[in-house]
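Asks: Structure below; questions to follow.
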Amino acid sequence: MEKIKITFPDGTIKEFDKGTTGRQIAESISKGLAKEALAVEVNGEVWDLSRAIANDASLKILKWADDGGKYAFWHSSAHLMAEAIENIYPGTKFSIGPPIENGFYYDIDMGDHTLTGDDLSKIEETMYKFAGRDVPYQREEKQWEDAVVYFKKKGDPYKLELLEDLKGQTISFYHQGNFTDLCYGPHIPSTGRIKAIKLLSVAGAYWRGSEKNKMLQRIYGVTFPTKQELDEHLYRLEEAKRRDHRKLGQELELFLLTPKVGGGLPLWLPKGTIVRETLENFLREEQKKRGYLSVVTPHIGNINLYKTSGHYPYYKDSQFTPVKVEEEEYLLKPMNCPHHFQIYAAKPRSYRDLPIRLAEFGTVYRYEQSGELNGLIRVRSFTVDDSHMFMRQDQLKQELCDVIELIQLVFNTLGFSDFKTRLSFRDPKNKDKYGGEDEMWVQAEKDIKEAAELTKLNYYIGIGEAAFYGPKIDFMVRDALGRTWQLGTVQVDYVMPERFNLEYVGADGQKHRPVVIHRAPFGSMERFMGVLIEHFAGEFPLWLAPLQAVVLPITDQHLEYAQEVFQQLKAAGIRCELDDRNEKIGYKIRDWETKKVPYMIVVGEKEKEANTISVRQHKKGDLGSMSRDAFLSSTLEAIKQKTITL
RNA sequence: GCUGGUGUAGCUCAGUGGUAGAGCAGCGGUUUCGUAAACCGCAGGUCGUCGGUUCAAGUCCGACCACCAGCUCCA
């Protein structure tokens, strides 16, 4: 028998018979591994365990812990769900059912029938029943024509449309039980591996993602090899909901969204404003150190500004309707740049003055579709921590590096580690979408990439994600529910200076065109706050906490001493309150714990006698008694250092 | 904007055709208390809005509004 050489991840090489399968290889290693194996990665491609391996290959057995294993598992689960659906609702038409980050979905067309929660339970039950049969997933390869015949006979227009794109290729089908699907695979060995099933939700989704197409019903689900893992997953989902900034924002009185003002128009309550202003002041200080100049501009501007900038035709649909005043049209400003350009252009600029960095916390207004609004994270009115930096070409790379360094400082100070950086470049196949000359784009993308390298950014490249006027660096973070959002951004712009005819006089006495960087470390104060609330689960570090300490007298016989302590903390600049309510100490402690106040200062007879205070820290409990000065100095130091863990 | 779900007191929620409820929060009292909820009382709602069916609607029907999830979009 002919042999092939299999290389394992640890570098060992073993010989097997030609045509051996992943399952046989797993079995040859250990029984336990064979039992756990879900799929096999052959030369970087994920295959079914039952597929014969014909040539030398590097190979990895995939288990649940491997992404490839999970994806096969969930992909197979989607097929199991489809089988259950077809069994209960014959005639259902299936489109696509892929695995996703946390489970799987299937988009289906059930004609007039709309799925309800009861339907989901029924499907789930049937899935359990079918999984219990423990039947194998079997691959079958067909000629394209035969595949078309099959789905014509079955009457599945979506599958036929998918087949159109695969014309002439060999088509793979997968069978399990009574269900057959067009599928590239791979799949797990058998349905019996799926032990825990939860169908989570049903929602509309357009066929092939286009709003011009028919809306199908999408069922989201998740499955696991054990019940325990499902329970843990469901618990994590509940935890995430507890962190939801909309819920915490209401509980902690940070902000208010009310239809009486309008969708996506948040009102900042006093406590939320403290956090927000503290963040703003932090950035202002850092910008001051770096030579930024603060400016203030109005909330509306002549529509011609946006016609000049080119924003108007590109983004007409996402702006509020212009207002007409004395024959002129004004727009609620959707961005700050045109205003800042006018400040630059207000007088002649010399090459010696550059770079000029104009900064403003500028509130902008964008018309987002109603279905898009989402707490503070997607709003119609938000404040950009904006700056427009005007410079010579030779200064660009250094300025980019400095800006990235500033953003890194901001993210590190707030303890954001789970963020990604995307270099958003244009799509070279779709150049019409973008303004400006070709060589400008090539130069700008090169500069951005070099700056990213120099500052050791961990980045990936997003083709087609650029702004119309230039490429960007986008800082992306995830919210409590795992959705990814763009926060900070740095954009290189050669187009606007041209359109606004911005100039400076060079050493040669000639007029030159400056380059502009648009940048915002927070991105939008609203979105950033929303993500921050979830990041800290409402438990802000001391320097950001709206209320930093609260003084709790045991009885009103200690009120006078409590007053003295309170006044001292207040005078030292600590945000604090005195709780002189007629309540027992346990009640007060519980109350302030739920409000997530970092420190509680308990004072009673003992403390009054010894001239000390008892300190209780949020979530940690009693720290014991200490002198007032000791508490003050350590607290003030932690605030100054912007310490994240209390 | 599209599909589906939800909407009862400041908050969390009960109430499936027959006089709007509870807990917490609030207010008034009693209690003076040592590290996560003392006790008594009071007040608080055009049941999202508008229209319809009915002797009678929080409850059934319709339209609209808002919010939630997803889709599409996102400077």
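Numbering starts fresh at 1 for the residues of each chain in the structure tokens, the chains themselves are lettered A, B, ... in the order given, and ligands are numbered from 1 as they appear.
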Residues of region 430-593 of chain A classed as strand (DSSP E or B) by DSSP on the backbone are to be reported as a PyMOL selection string.

Replies: chain A and resi 459-463+467+470+472-478+484-493+504-505+511-512+515-520+549-553+576-578

Asks: Can you list, as a list in words, every protein, DNA or RNA residue that comes within 10 Å of Glu101 (chain A) when you count only C-alpha atoms (C1' of nucleotides), leaving out same-chain residues fewer than 6 positions away?

Replies: Asp67, Lys70, Tyr71, Trp74, Val222 and Gly482 of chain A

Asks: With only C-alpha atoms (C1' of nucleotides) considered, list every residue of chain A at most 9 Å from chain B, as an MDAnalysis selection string.

Replies: chainID A and resid 114:116 201:206 209:211 215:218 251 258:259 263 311 315 318 334:335 368:372 467:468 554:557 582:591 593:594 602:604 616 621:622

Asks: If we count only C-alpha atoms (C1' of nucleotides), what is near G18 (chain B) at a cut-off of 12 Å, once residues fewer than 4 positions away on the same chain are taken out, given as a PyMOL selection string?

Replies: chain B and resi 55-57+59

Asks: Counting only C-alpha atoms, which of A:Tyr105, A:Tyr235, A:Tyr174, A:Phe536 gets nearest to Ile219 (chain A)?

Replies: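 Of A:Tyr105, A:Tyr235, A:Tyr174, A:Phe536, the one nearest Ile219 (chain A), counting only C-alpha atoms, is A:Tyr105.
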
Asks: Write out as a PyMOL selection string which residues come within 12 Å of G10 (chain B) when counting only C-alpha atoms (C1' of nucleotides), dropping same-chain ones fewer than 4 positions away.

Replies: (chain A and resi 250-251+253) or (chain B and resi 24-26+44-45)
